[in-house]
Amino acid sequence: MISGVIPVLEVPYHDDGSLDLPGFDRVMDAVLGTGVTSVMFPGYASEFHKLTTAERDQLTDRLLGAITGVTGFTTIVSVTDHATLVAVAAARRAAERGAGAINLLPPYLLGPSRDAVLAHVAAVLDAVTPVPVVLQYAPAQTGTGLDAATIDMLAAAHPNLGHVKVESAPPGRLISALKLPALVGYAGLQLPDALRRGAVGVQPGCSFTEIYQEIWRRWTSGDQPSALALHGALLPYLSYWMQHVELIIAAEKAISVRRGWFASDHCRAPGWTLDAEERAMVDRFMTEFEEHLPCPK
């Protein structure tokens with residue numbers, strides 16, 4: 001079930017920075033209502049690096065509780081902890097609580113050696129066998145360098161390593177080189193090339209999931225020119241917003257507020273504050289794609 005459009009859920013806050021739990025519930029309901037068959041949480045789009053451990057566990061449990069009994073749905077819980085001991089415990093907890101898969105971000109703080117990174121990944125894979133694991137490869141954000149041969153070696157030794165989320169720039173060459181099925185991240189900026197090279201899924205943020213769903217529907221139904229045209233219309237916005245991760249987080253929150261999912265587009269500091277022109281860009285986006293994005297009247 002790890003294929004197609006797999007949104008990364010965002011975390012809404014009140015203006016004072018406290019968690020907006022009803023808002024998070026509305027995010028879950030809205031995203032699940034788009035027809036996706038899996039979601040991931042918490043990722044960069046969730047501001048995972050700004051959540052306390054207790055908050056992360058609370059929101060993860062809330063998500064897993066919401067999808068209990070939903071047939072054919074996979075919740076991918078992300079493990080981002082740097083210490084191997086802590087990452088193993090977090091992965092086991094997620095598996096025990098009902099996660100359908102684990103997304104693993106390898107350690108990167110203070111430049112761990114290649115052997116240390118591989119040992120960390122192997123320990124988490126062993127800890128949650130046979131739960132499937134998605135290895136997140138995000139060198140721009142982490143500086144961690146892995147190649148296809150190394151990843152395939154890990155998969156040969158650990159059969160539950162099932163997918164790779166590729167966020168290198170450009171992602172296509174690694175996708176082509178991998179034996180494992182690949183998901184493309186980075187807001188789907190290079191989605192057409194990734195699809196041509198065999199990517200089985202895309203993991204964007206969640207505030208305009210319907211647009212990605214429509215691109216995916218058109219492509220997989222054989223209408224590639226129409227899929228490319230819709231992605232091309234989206235591209236000027238993605239190209240600007242993806243200049244900085246905090247920028248696209250702020251833009252997506254502004255979109256979600258416009259859609260009525262929650263009341264405040266607050267991002268915990270340090271973050272990105274949209275200026276007047278960036279808010280005008282969100283306005284133009286909402287107008288251009290209004291047929292795809294239901295909003296309250």
# chains A, B, ... in the order shown; residues from 1 in each chain; ligands from 1
call {"tool": "residues_around", "arguments": {"residues": "Gly162 (chain A)", "least_positions_apart": "4", "cutoff": "10 Å", "atoms": "only C-alpha atoms", "output": "VMD selection string"}}
result
chain A and resid 2 101 131 to 135 155 158 180 to 182
call {"tool": "closest_atom_pairs", "arguments": {"of": "region 94-184 of chain A", "to": "region 70-89 of chain A", "cutoff": "8 Å", "atoms": "only C-alpha atoms", "output": "CSV"}}
result
residue,atom,partner,partner_atom,distance
A:Ala94,CA,A:Val77,CA,6.6
A:Ala99,CA,A:Thr75,CA,5.5
A:Gly100,CA,A:Thr74,CA,5.0
A:Ala101,CA,A:Ile76,CA,4.7
A:Ile102,CA,A:Val77,CA,5.0
A:Asn103,CA,A:Ser78,CA,4.3
A:Leu104,CA,A:Val79,CA,5.1
A:Leu105,CA,A:Thr80,CA,5.1
A:Pro106,CA,A:Thr80,CA,7.2
A:Pro107,CA,A:His82,CA,4.8
A:Tyr108,CA,A:His82,CA,7.2
A:Leu109,CA,A:His82,CA,7.1
A:His120,CA,A:Thr84,CA,5.4
A:Ala123,CA,A:Val88,CA,6.8
A:Val124,CA,A:Val88,CA,5.1
A:Ala127,CA,A:Val88,CA,6.2
call {"tool": "write_last_selection", "arguments": {"atoms": "N, CA, C and O atoms", "output": "short mmCIF file (atom, residue, chain, number, x, y, z; two decimals), in the first residue's frame"}}
result
data_model
loop_
_atom_site.label_atom_id
_atom_site.label_comp_id
_atom_site.auth_asym_id
_atom_site.auth_seq_id
_atom_site.Cartn_x
_atom_site.Cartn_y
_atom_site.Cartn_z
N ALA A 94 6.36 2.67 17.85
CA ALA A 94 5.45 2.93 16.73
C ALA A 94 4.88 1.63 16.19
O ALA A 94 3.68 1.53 15.89
N ALA A 99 1.66 1.17 13.77
CA ALA A 99 2.17 1.74 12.53
C ALA A 99 2.29 0.66 11.47
O ALA A 99 2.78 -0.44 11.73
N GLY A 100 1.86 0.99 10.26
CA GLY A 100 1.96 0.04 9.17
C GLY A 100 3.35 -0.03 8.58
O GLY A 100 3.73 -1.01 7.94
N ALA A 101 4.12 1.04 8.78
CA ALA A 101 5.49 1.10 8.27
C ALA A 101 6.24 2.16 9.06
O ALA A 101 5.63 3.02 9.71
N ILE A 102 7.55 2.11 8.98
CA ILE A 102 8.43 3.07 9.65
C ILE A 102 9.20 3.84 8.57
O ILE A 102 9.74 3.24 7.63
N ASN A 103 9.23 5.15 8.70
CA ASN A 103 10.12 5.98 7.88
C ASN A 103 11.35 6.29 8.74
O ASN A 103 11.21 6.79 9.86
N LEU A 104 12.52 5.99 8.22
CA LEU A 104 13.74 6.15 9.01
C LEU A 104 14.63 7.22 8.39
O LEU A 104 15.10 7.08 7.25
N LEU A 105 14.86 8.30 9.15
CA LEU A 105 15.81 9.33 8.75
C LEU A 105 17.14 9.00 9.43
O LEU A 105 17.24 9.01 10.65
N PRO A 106 18.19 8.69 8.66
CA PRO A 106 19.47 8.32 9.27
C PRO A 106 20.05 9.47 10.10
O PRO A 106 19.74 10.64 9.86
N PRO A 107 20.88 9.17 11.08
CA PRO A 107 21.49 10.21 11.91
C PRO A 107 22.45 11.07 11.10
O PRO A 107 23.10 10.58 10.18
N TYR A 108 22.52 12.35 11.47
CA TYR A 108 23.37 13.25 10.68
C TYR A 108 24.05 14.33 11.51
O TYR A 108 24.98 14.99 11.05
N LEU A 109 23.61 14.55 12.74
CA LEU A 109 24.22 15.60 13.54
C LEU A 109 25.70 15.29 13.82
O LEU A 109 26.05 14.15 14.11
N HIS A 120 23.41 2.27 12.56
CA HIS A 120 22.16 2.83 13.09
C HIS A 120 20.97 2.31 12.28
O HIS A 120 19.97 1.83 12.85
N ALA A 123 20.32 -1.36 12.94
CA ALA A 123 19.75 -1.62 14.26
C ALA A 123 18.25 -1.37 14.27
O ALA A 123 17.48 -2.15 14.86
N VAL A 124 17.82 -0.30 13.62
CA VAL A 124 16.38 -0.01 13.57
C VAL A 124 15.66 -1.04 12.70
O VAL A 124 14.58 -1.53 13.07
N ALA A 127 15.20 -4.10 14.68
CA ALA A 127 14.31 -3.93 15.83
C ALA A 127 12.84 -4.07 15.47
O ALA A 127 12.02 -4.42 16.33
#
call {"tool": "residues_around", "arguments": {"residues": "Leu64 (chain A)", "least_positions_apart": "3", "cutoff": "8 Å", "atoms": "only C-alpha atoms", "output": "CSV table (one decimal) with all heavy atoms, in the first residue's frame"}}
result
chain,number,residue,atom,x,y,z
A,60,THR,N,1.2,11.3,17.3
A,60,THR,CA,1.3,10.0,16.6
A,60,THR,C,0.2,9.0,17.1
A,60,THR,O,-0.4,8.4,16.3
A,60,THR,CB,2.7,9.4,16.8
A,60,THR,OG1,3.7,10.3,16.3
A,60,THR,CG2,2.8,8.0,16.1
A,61,ASP,N,0.0,9.0,18.4
A,61,ASP,CA,-1.0,8.1,18.9
A,61,ASP,C,-2.4,8.6,18.4
A,61,ASP,O,-3.3,7.8,18.2
A,61,ASP,CB,-1.0,8.2,20.4
A,61,ASP,CG,0.2,7.4,21.0
A,61,ASP,OD1,0.8,6.7,20.3
A,61,ASP,OD2,0.5,7.5,22.2
A,67,ILE,N,-7.0,6.0,12.5
A,67,ILE,CA,-7.1,5.1,11.4
A,67,ILE,C,-7.2,3.6,11.8
A,67,ILE,O,-7.3,2.7,10.9
A,67,ILE,CB,-5.8,5.2,10.5
A,67,ILE,CG1,-4.5,5.0,11.2
A,67,ILE,CG2,-5.8,6.6,9.8
A,67,ILE,CD1,-4.0,3.6,11.3
A,68,THR,N,-7.4,3.4,13.1
A,68,THR,CA,-7.6,2.0,13.6
A,68,THR,C,-8.9,1.5,12.9
A,68,THR,O,-10.0,2.1,12.9
A,68,THR,CB,-7.8,2.0,15.1
A,68,THR,OG1,-6.6,2.4,15.7
A,68,THR,CG2,-8.1,0.6,15.5
A,75,THR,N,-0.3,3.7,7.8
A,75,THR,CA,0.2,4.9,8.4
A,75,THR,C,1.8,4.7,8.6
A,75,THR,O,2.2,3.7,9.2
A,75,THR,CB,-0.4,5.1,9.8
A,75,THR,OG1,-1.8,5.3,9.7
A,75,THR,CG2,0.2,6.4,10.5
A,97,ARG,N,2.3,0.2,18.5
A,97,ARG,CA,1.1,1.0,18.5
A,97,ARG,C,0.3,0.9,17.3
A,97,ARG,O,-0.8,1.4,17.2
A,97,ARG,CB,1.4,2.5,18.8
A,97,ARG,CG,2.1,2.8,20.1
A,97,ARG,CD,1.1,2.6,21.3
A,97,ARG,NE,0.1,3.7,21.3
A,97,ARG,CZ,-0.9,3.7,22.1
A,97,ARG,NH1,-1.1,2.7,23.0
A,97,ARG,NH2,-1.8,4.7,22.1
A,98,GLY,N,0.8,0.2,16.3
A,98,GLY,CA,0.0,-0.1,15.1
A,98,GLY,C,0.5,0.6,13.8
A,98,GLY,O,-0.3,0.6,12.8
A,99,ALA,N,1.7,1.2,13.8
A,99,ALA,CA,2.2,1.7,12.5
A,99,ALA,C,2.3,0.7,11.5
A,99,ALA,O,2.8,-0.4,11.7
A,99,ALA,CB,3.5,2.4,12.8
call {"tool": "select_by_dssp", "arguments": {"residues": "region 81-227 of chain A", "states": "strand (DSSP E)", "output": "list in words"}}
result
Ala101, Ile102, Asn103, Leu104, Val133, Val134, Leu135, Gln136, Tyr137, Leu161, Gly162, His163, Val164, Lys165, Val166, Ala182, Leu183, Val184, Gly201 and Val202 of chain A
call {"tool": "write_last_selection", "arguments": {"atoms": "C-alpha atoms", "output": "PDB file, in the first residue's frame"}}
result
ATOM      1  CA  ALA A 101       5.494   1.097   8.270  1.00  0.00           C
ATOM      2  CA  ILE A 102       8.433   3.073   9.645  1.00  0.00           C
ATOM      3  CA  ASN A 103      10.124   5.978   7.879  1.00  0.00           C
ATOM      4  CA  LEU A 104      13.744   6.153   9.008  1.00  0.00           C
ATOM      5  CA  VAL A 133      10.770   0.451   6.561  1.00  0.00           C
ATOM      6  CA  VAL A 134      11.173   3.424   4.220  1.00  0.00           C
ATOM      7  CA  LEU A 135      14.711   4.815   4.261  1.00  0.00           C
ATOM      8  CA  GLN A 136      14.637   8.600   3.861  1.00  0.00           C
ATOM      9  CA  TYR A 137      17.568   9.940   1.862  1.00  0.00           C
ATOM     10  CA  LEU A 161      13.787  -2.376   4.014  1.00  0.00           C
ATOM     11  CA  GLY A 162      11.118  -1.960   1.381  1.00  0.00           C
ATOM     12  CA  HIS A 163      11.333   1.559  -0.064  1.00  0.00           C
ATOM     13  CA  VAL A 164      13.616   4.570  -0.328  1.00  0.00           C
ATOM     14  CA  LYS A 165      12.324   8.129  -0.113  1.00  0.00           C
ATOM     15  CA  VAL A 166      14.649   9.997  -2.468  1.00  0.00           C
ATOM     16  CA  ALA A 182      11.434   4.606  -4.655  1.00  0.00           C
ATOM     17  CA  LEU A 183       9.263   7.439  -3.422  1.00  0.00           C
ATOM     18  CA  VAL A 184      10.165  10.975  -4.435  1.00  0.00           C
ATOM     19  CA  GLY A 201       4.996   7.292  -4.991  1.00  0.00           C
ATOM     20  CA  VAL A 202       5.392  10.934  -4.022  1.00  0.00           C
TER      21      VAL A 202
END
call {"tool": "atom_distance", "arguments": {"atom1": "CA of His292 (chain A)", "atom2": "CA of Ser46 (chain A)"}}
result
22.7 Å
call {"tool": "residues_around", "arguments": {"residues": "Leu235 (chain A)", "least_positions_apart": "4", "cutoff": "7 Å", "atoms": "only C-alpha atoms", "output": "MDAnalysis selection string"}}
result
chainID A and resid 189 231 239
call {"tool": "write_last_selection", "arguments": {"atoms": "all heavy atoms", "output": "PDB file, in the first residue's frame"}}
result
ATOM      1  N   LEU A 189       8.869  18.268  -6.685  1.00  0.00           N
ATOM      2  CA  LEU A 189       9.399  19.246  -7.623  1.00  0.00           C
ATOM      3  C   LEU A 189       9.839  18.577  -8.926  1.00  0.00           C
ATOM      4  O   LEU A 189       9.627  19.103 -10.025  1.00  0.00           O
ATOM      5  CB  LEU A 189      10.571  19.994  -6.984  1.00  0.00           C
ATOM      6  CG  LEU A 189      11.096  21.239  -7.679  1.00  0.00           C
ATOM      7  CD1 LEU A 189      10.042  22.331  -7.721  1.00  0.00           C
ATOM      8  CD2 LEU A 189      12.351  21.758  -6.972  1.00  0.00           C
ATOM      9  N   HIS A 231       1.178  19.644 -13.525  1.00  0.00           N
ATOM     10  CA  HIS A 231       2.411  19.810 -12.761  1.00  0.00           C
ATOM     11  C   HIS A 231       3.125  21.086 -13.188  1.00  0.00           C
ATOM     12  O   HIS A 231       3.682  21.810 -12.356  1.00  0.00           O
ATOM     13  CB  HIS A 231       3.333  18.607 -12.950  1.00  0.00           C
ATOM     14  CG  HIS A 231       4.561  18.647 -12.095  1.00  0.00           C
ATOM     15  ND1 HIS A 231       5.745  19.238 -12.510  1.00  0.00           N
ATOM     16  CD2 HIS A 231       4.800  18.189 -10.832  1.00  0.00           C
ATOM     17  CE1 HIS A 231       6.647  19.129 -11.549  1.00  0.00           C
ATOM     18  NE2 HIS A 231       6.114  18.498 -10.527  1.00  0.00           N
ATOM     19  N   SER A 239       8.696  25.891  -7.120  1.00  0.00           N
ATOM     20  CA  SER A 239      10.066  26.365  -7.306  1.00  0.00           C
ATOM     21  C   SER A 239      10.396  27.490  -6.334  1.00  0.00           C
ATOM     22  O   SER A 239      11.518  27.564  -5.812  1.00  0.00           O
ATOM     23  CB  SER A 239      10.260  26.850  -8.749  1.00  0.00           C
ATOM     24  OG  SER A 239      10.105  25.783  -9.651  1.00  0.00           O
TER      25      SER A 239
END
call {"tool": "atom_distance", "arguments": {"atom1": "CA of Tyr237 (chain A)", "atom2": "CA of Phe289 (chain A)"}}
result
11.4 Å
call {"tool": "closest_residue", "arguments": {"among": "A:Asp265, A:Asp283, A:Glu167, A:Asp115", "to": "Asp20 (chain A)", "atoms": "only C-alpha atoms"}}
result
A:Asp265
call {"tool": "closest_residue", "arguments": {"among": "A:Pro139, A:Val200, A:Thr34, A:Tyr13", "to": "Met1 (chain A)", "atoms": "only C-alpha atoms"}}
result
A:Val200
call {"tool": "residues_around", "arguments": {"residues": "Ala269 (chain A)", "least_positions_apart": "6", "cutoff": "12 Å", "atoms": "only C-alpha atoms", "output": "PDB file with all heavy atoms, in the first residue's frame"}}
result
ATOM      1  N   TYR A  13      -0.750  24.992  15.118  1.00  0.00           N
ATOM      2  CA  TYR A  13      -0.584  25.572  16.453  1.00  0.00           C
ATOM      3  C   TYR A  13      -1.557  26.733  16.633  1.00  0.00           C
ATOM      4  O   TYR A  13      -2.022  27.336  15.660  1.00  0.00           O
ATOM      5  CB  TYR A  13       0.842  26.110  16.639  1.00  0.00           C
ATOM      6  CG  TYR A  13       1.934  25.113  16.422  1.00  0.00           C
ATOM      7  CD1 TYR A  13       2.748  25.177  15.291  1.00  0.00           C
ATOM      8  CD2 TYR A  13       2.178  24.095  17.339  1.00  0.00           C
ATOM      9  CE1 TYR A  13       3.767  24.270  15.075  1.00  0.00           C
ATOM     10  CE2 TYR A  13       3.200  23.183  17.132  1.00  0.00           C
ATOM     11  CZ  TYR A  13       3.992  23.267  16.007  1.00  0.00           C
ATOM     12  OH  TYR A  13       5.000  22.362  15.790  1.00  0.00           O
ATOM     13  N   ASP A  15      -2.006  30.652  18.123  1.00  0.00           N
ATOM     14  CA  ASP A  15      -1.126  31.812  17.985  1.00  0.00           C
ATOM     15  C   ASP A  15      -0.035  31.847  19.048  1.00  0.00           C
ATOM     16  O   ASP A  15       1.035  32.429  18.825  1.00  0.00           O
ATOM     17  CB  ASP A  15      -1.941  33.114  18.048  1.00  0.00           C
ATOM     18  CG  ASP A  15      -2.722  33.370  16.767  1.00  0.00           C
ATOM     19  OD1 ASP A  15      -2.340  32.821  15.715  1.00  0.00           O
ATOM     20  OD2 ASP A  15      -3.717  34.119  16.822  1.00  0.00           O
ATOM     21  N   ASP A  16      -0.300  31.236  20.208  1.00  0.00           N
ATOM     22  CA  ASP A  16       0.703  31.236  21.268  1.00  0.00           C
ATOM     23  C   ASP A  16       1.709  30.089  21.132  1.00  0.00           C
ATOM     24  O   ASP A  16       2.582  29.907  21.976  1.00  0.00           O
ATOM     25  CB  ASP A  16       0.024  31.185  22.646  1.00  0.00           C
ATOM     26  CG  ASP A  16      -0.771  29.899  22.890  1.00  0.00           C
ATOM     27  OD1 ASP A  16      -0.794  29.014  21.989  1.00  0.00           O
ATOM     28  OD2 ASP A  16      -1.380  29.782  23.970  1.00  0.00           O
ATOM     29  N   GLY A  17       1.591  29.293  20.070  1.00  0.00           N
ATOM     30  CA  GLY A  17       2.527  28.207  19.833  1.00  0.00           C
ATOM     31  C   GLY A  17       2.123  26.874  20.423  1.00  0.00           C
ATOM     32  O   GLY A  17       2.821  25.884  20.213  1.00  0.00           O
ATOM     33  N   GLU A  47       7.205  19.818  10.974  1.00  0.00           N
ATOM     34  CA  GLU A  47       8.076  20.525  11.920  1.00  0.00           C
ATOM     35  C   GLU A  47       8.492  19.588  13.069  1.00  0.00           C
ATOM     36  O   GLU A  47       8.473  19.972  14.238  1.00  0.00           O
ATOM     37  CB  GLU A  47       7.393  21.775  12.469  1.00  0.00           C
ATOM     38  CG  GLU A  47       7.025  22.813  11.406  1.00  0.00           C
ATOM     39  CD  GLU A  47       6.171  23.947  11.950  1.00  0.00           C
ATOM     40  OE1 GLU A  47       4.936  23.788  11.930  1.00  0.00           O
ATOM     41  OE2 GLU A  47       6.732  24.971  12.390  1.00  0.00           O
ATOM     42  N   HIS A  49      11.160  18.717  14.153  1.00  0.00           N
ATOM     43  CA  HIS A  49      12.294  19.218  14.924  1.00  0.00           C
ATOM     44  C   HIS A  49      11.878  20.281  15.935  1.00  0.00           C
ATOM     45  O   HIS A  49      12.713  20.736  16.719  1.00  0.00           O
ATOM     46  CB  HIS A  49      13.339  19.797  13.969  1.00  0.00           C
ATOM     47  CG  HIS A  49      12.780  20.707  12.917  1.00  0.00           C
ATOM     48  ND1 HIS A  49      11.929  20.276  11.935  1.00  0.00           N
ATOM     49  CD2 HIS A  49      12.947  22.034  12.706  1.00  0.00           C
ATOM     50  CE1 HIS A  49      11.595  21.291  11.160  1.00  0.00           C
ATOM     51  NE2 HIS A  49      12.191  22.359  11.607  1.00  0.00           N
ATOM     52  N   LYS A  50      10.600  20.667  15.928  1.00  0.00           N
ATOM     53  CA  LYS A  50      10.102  21.671  16.873  1.00  0.00           C
ATOM     54  C   LYS A  50       9.091  21.085  17.860  1.00  0.00           C
ATOM     55  O   LYS A  50       8.479  21.827  18.638  1.00  0.00           O
ATOM     56  CB  LYS A  50       9.462  22.834  16.112  1.00  0.00           C
ATOM     57  CG  LYS A  50      10.432  23.541  15.167  1.00  0.00           C
ATOM     58  CD  LYS A  50       9.755  24.646  14.380  1.00  0.00           C
ATOM     59  CE  LYS A  50      10.705  25.253  13.374  1.00  0.00           C
ATOM     60  NZ  LYS A  50      10.051  26.311  12.568  1.00  0.00           N
ATOM     61  N   LEU A  51       8.920  19.777  17.820  1.00  0.00           N
ATOM     62  CA  LEU A  51       8.001  19.098  18.733  1.00  0.00           C
ATOM     63  C   LEU A  51       8.771  18.485  19.904  1.00  0.00           C
ATOM     64  O   LEU A  51       9.877  17.980  19.723  1.00  0.00           O
ATOM     65  CB  LEU A  51       7.252  17.979  17.999  1.00  0.00           C
ATOM     66  CG  LEU A  51       6.315  18.381  16.866  1.00  0.00           C
ATOM     67  CD1 LEU A  51       5.857  17.140  16.105  1.00  0.00           C
ATOM     68  CD2 LEU A  51       5.115  19.160  17.401  1.00  0.00           C
ATOM     69  N   GLU A 246      11.498  25.854   5.515  1.00  0.00           N
ATOM     70  CA  GLU A 246      10.607  26.626   6.391  1.00  0.00           C
ATOM     71  C   GLU A 246       9.631  27.483   5.577  1.00  0.00           C
ATOM     72  O   GLU A 246       8.518  27.762   6.027  1.00  0.00           O
ATOM     73  CB  GLU A 246      11.426  27.524   7.328  1.00  0.00           C
ATOM     74  CG  GLU A 246      12.311  26.780   8.313  1.00  0.00           C
ATOM     75  CD  GLU A 246      11.562  26.250   9.525  1.00  0.00           C
ATOM     76  OE1 GLU A 246      10.308  26.206   9.501  1.00  0.00           O
ATOM     77  OE2 GLU A 246      12.238  25.870  10.501  1.00  0.00           O
ATOM     78  N   ALA A 250       5.508  27.315   5.878  1.00  0.00           N
ATOM     79  CA  ALA A 250       4.687  28.499   6.144  1.00  0.00           C
ATOM     80  C   ALA A 250       3.628  28.687   5.070  1.00  0.00           C
ATOM     81  O   ALA A 250       2.463  29.014   5.373  1.00  0.00           O
ATOM     82  CB  ALA A 250       5.575  29.739   6.240  1.00  0.00           C
TER      83      ALA A 250
END
call {"tool": "closest_residue", "arguments": {"among": "A:Ala263, A:Arg62, A:Tyr240, A:Glu252", "to": "Glu277 (chain A)", "atoms": "only C-alpha atoms"}}
result
A:Tyr240
call {"tool": "residues_around", "arguments": {"residues": "Gln213 (chain A)", "least_positions_apart": "3", "cutoff": "8 Å", "atoms": "only C-alpha atoms", "output": "number ranges by chain"}}
result
A: 4-5, 34, 36, 209-210, 216-217
call {"tool": "residues_around", "arguments": {"residues": "Phe262 (chain A)", "least_positions_apart": "3", "cutoff": "8 Å", "atoms": "only C-alpha atoms", "output": "JSON, numbers by chain"}}
result
{"A": [12, 20, 23, 24, 26, 256, 257, 265]}
call {"tool": "atom_distance", "arguments": {"atom1": "CA of Ser207 (chain A)", "atom2": "CA of Ile248 (chain A)"}}
result
10.5 Å
call {"tool": "closest_residue", "arguments": {"among": "A:Met40, A:Glu214, A:Thr150, A:Pro130", "to": "Arg114 (chain A)", "atoms": "only C-alpha atoms"}}
result
A:Thr150
call {"tool": "select_by_dssp", "arguments": {"residues": "region 5-95 of chain A", "states": "alpha helix (DSSP H)", "output": "number ranges by chain"}}
result
A: 21-32, 53-66, 84-95
call {"tool": "closest_residue", "arguments": {"among": "A:Ala187, A:Met28, A:Leu63, A:Leu118", "to": "Met242 (chain A)", "atoms": "only C-alpha atoms"}}
result
A:Ala187
call {"tool": "closest_residue", "arguments": {"among": "A:Trp272, A:Phe208, A:Phe285, A:Tyr186", "to": "Leu247 (chain A)", "atoms": "only C-alpha atoms"}}
result
A:Trp272
call {"tool": "decode", "arguments": {"residues": "region 202-215 of chain A", "atoms": "N, CA, C and O atoms", "output": "compact mmCIF listing (two decimals), in the first residue's frame"}}
result
# COMPACT_ATOMS: atom_id res chain seq x y z
N VAL A 202 4.88 9.60 -4.32
CA VAL A 202 5.39 10.93 -4.02
C VAL A 202 4.95 11.30 -2.61
O VAL A 202 3.83 11.01 -2.21
N GLN A 203 5.85 11.94 -1.85
CA GLN A 203 5.54 12.36 -0.48
C GLN A 203 5.68 13.87 -0.37
O GLN A 203 6.75 14.39 -0.02
N PRO A 204 4.60 14.59 -0.64
CA PRO A 204 4.62 16.05 -0.47
C PRO A 204 4.05 16.43 0.89
O PRO A 204 3.71 15.56 1.71
N GLY A 205 3.92 17.75 1.13
CA GLY A 205 3.11 18.20 2.25
C GLY A 205 1.65 17.88 1.99
O GLY A 205 1.31 17.27 0.97
N CYS A 206 0.78 18.31 2.88
CA CYS A 206 -0.60 17.82 2.79
C CYS A 206 -1.64 18.87 2.41
O CYS A 206 -2.79 18.53 2.17
N SER A 207 -1.29 20.16 2.33
CA SER A 207 -2.34 21.17 2.24
C SER A 207 -3.02 21.24 0.89
O SER A 207 -4.13 21.74 0.77
N PHE A 208 -2.37 20.72 -0.16
CA PHE A 208 -3.04 20.64 -1.46
C PHE A 208 -2.86 19.25 -2.07
O PHE A 208 -2.51 19.08 -3.23
N THR A 209 -3.15 18.25 -1.25
CA THR A 209 -3.05 16.85 -1.65
C THR A 209 -3.83 16.57 -2.93
O THR A 209 -3.40 15.78 -3.79
N GLU A 210 -4.99 17.20 -3.07
CA GLU A 210 -5.85 16.92 -4.21
C GLU A 210 -5.16 17.19 -5.55
O GLU A 210 -5.43 16.51 -6.54
N ILE A 211 -4.28 18.18 -5.60
CA ILE A 211 -3.59 18.48 -6.85
C ILE A 211 -2.63 17.34 -7.20
O ILE A 211 -2.57 16.89 -8.35
N TYR A 212 -1.89 16.87 -6.22
CA TYR A 212 -1.00 15.73 -6.46
C TYR A 212 -1.80 14.48 -6.85
O TYR A 212 -1.38 13.72 -7.73
N GLN A 213 -2.94 14.30 -6.20
CA GLN A 213 -3.79 13.17 -6.54
C GLN A 213 -4.24 13.24 -8.00
O GLN A 213 -4.28 12.22 -8.70
N GLU A 214 -4.58 14.43 -8.45
CA GLU A 214 -5.03 14.57 -9.82
C GLU A 214 -3.89 14.37 -10.81
O GLU A 214 -4.07 13.73 -11.86
N ILE A 215 -2.70 14.88 -10.49
CA ILE A 215 -1.54 14.62 -11.34
C ILE A 215 -1.30 13.11 -11.44
O ILE A 215 -1.07 12.57 -12.53
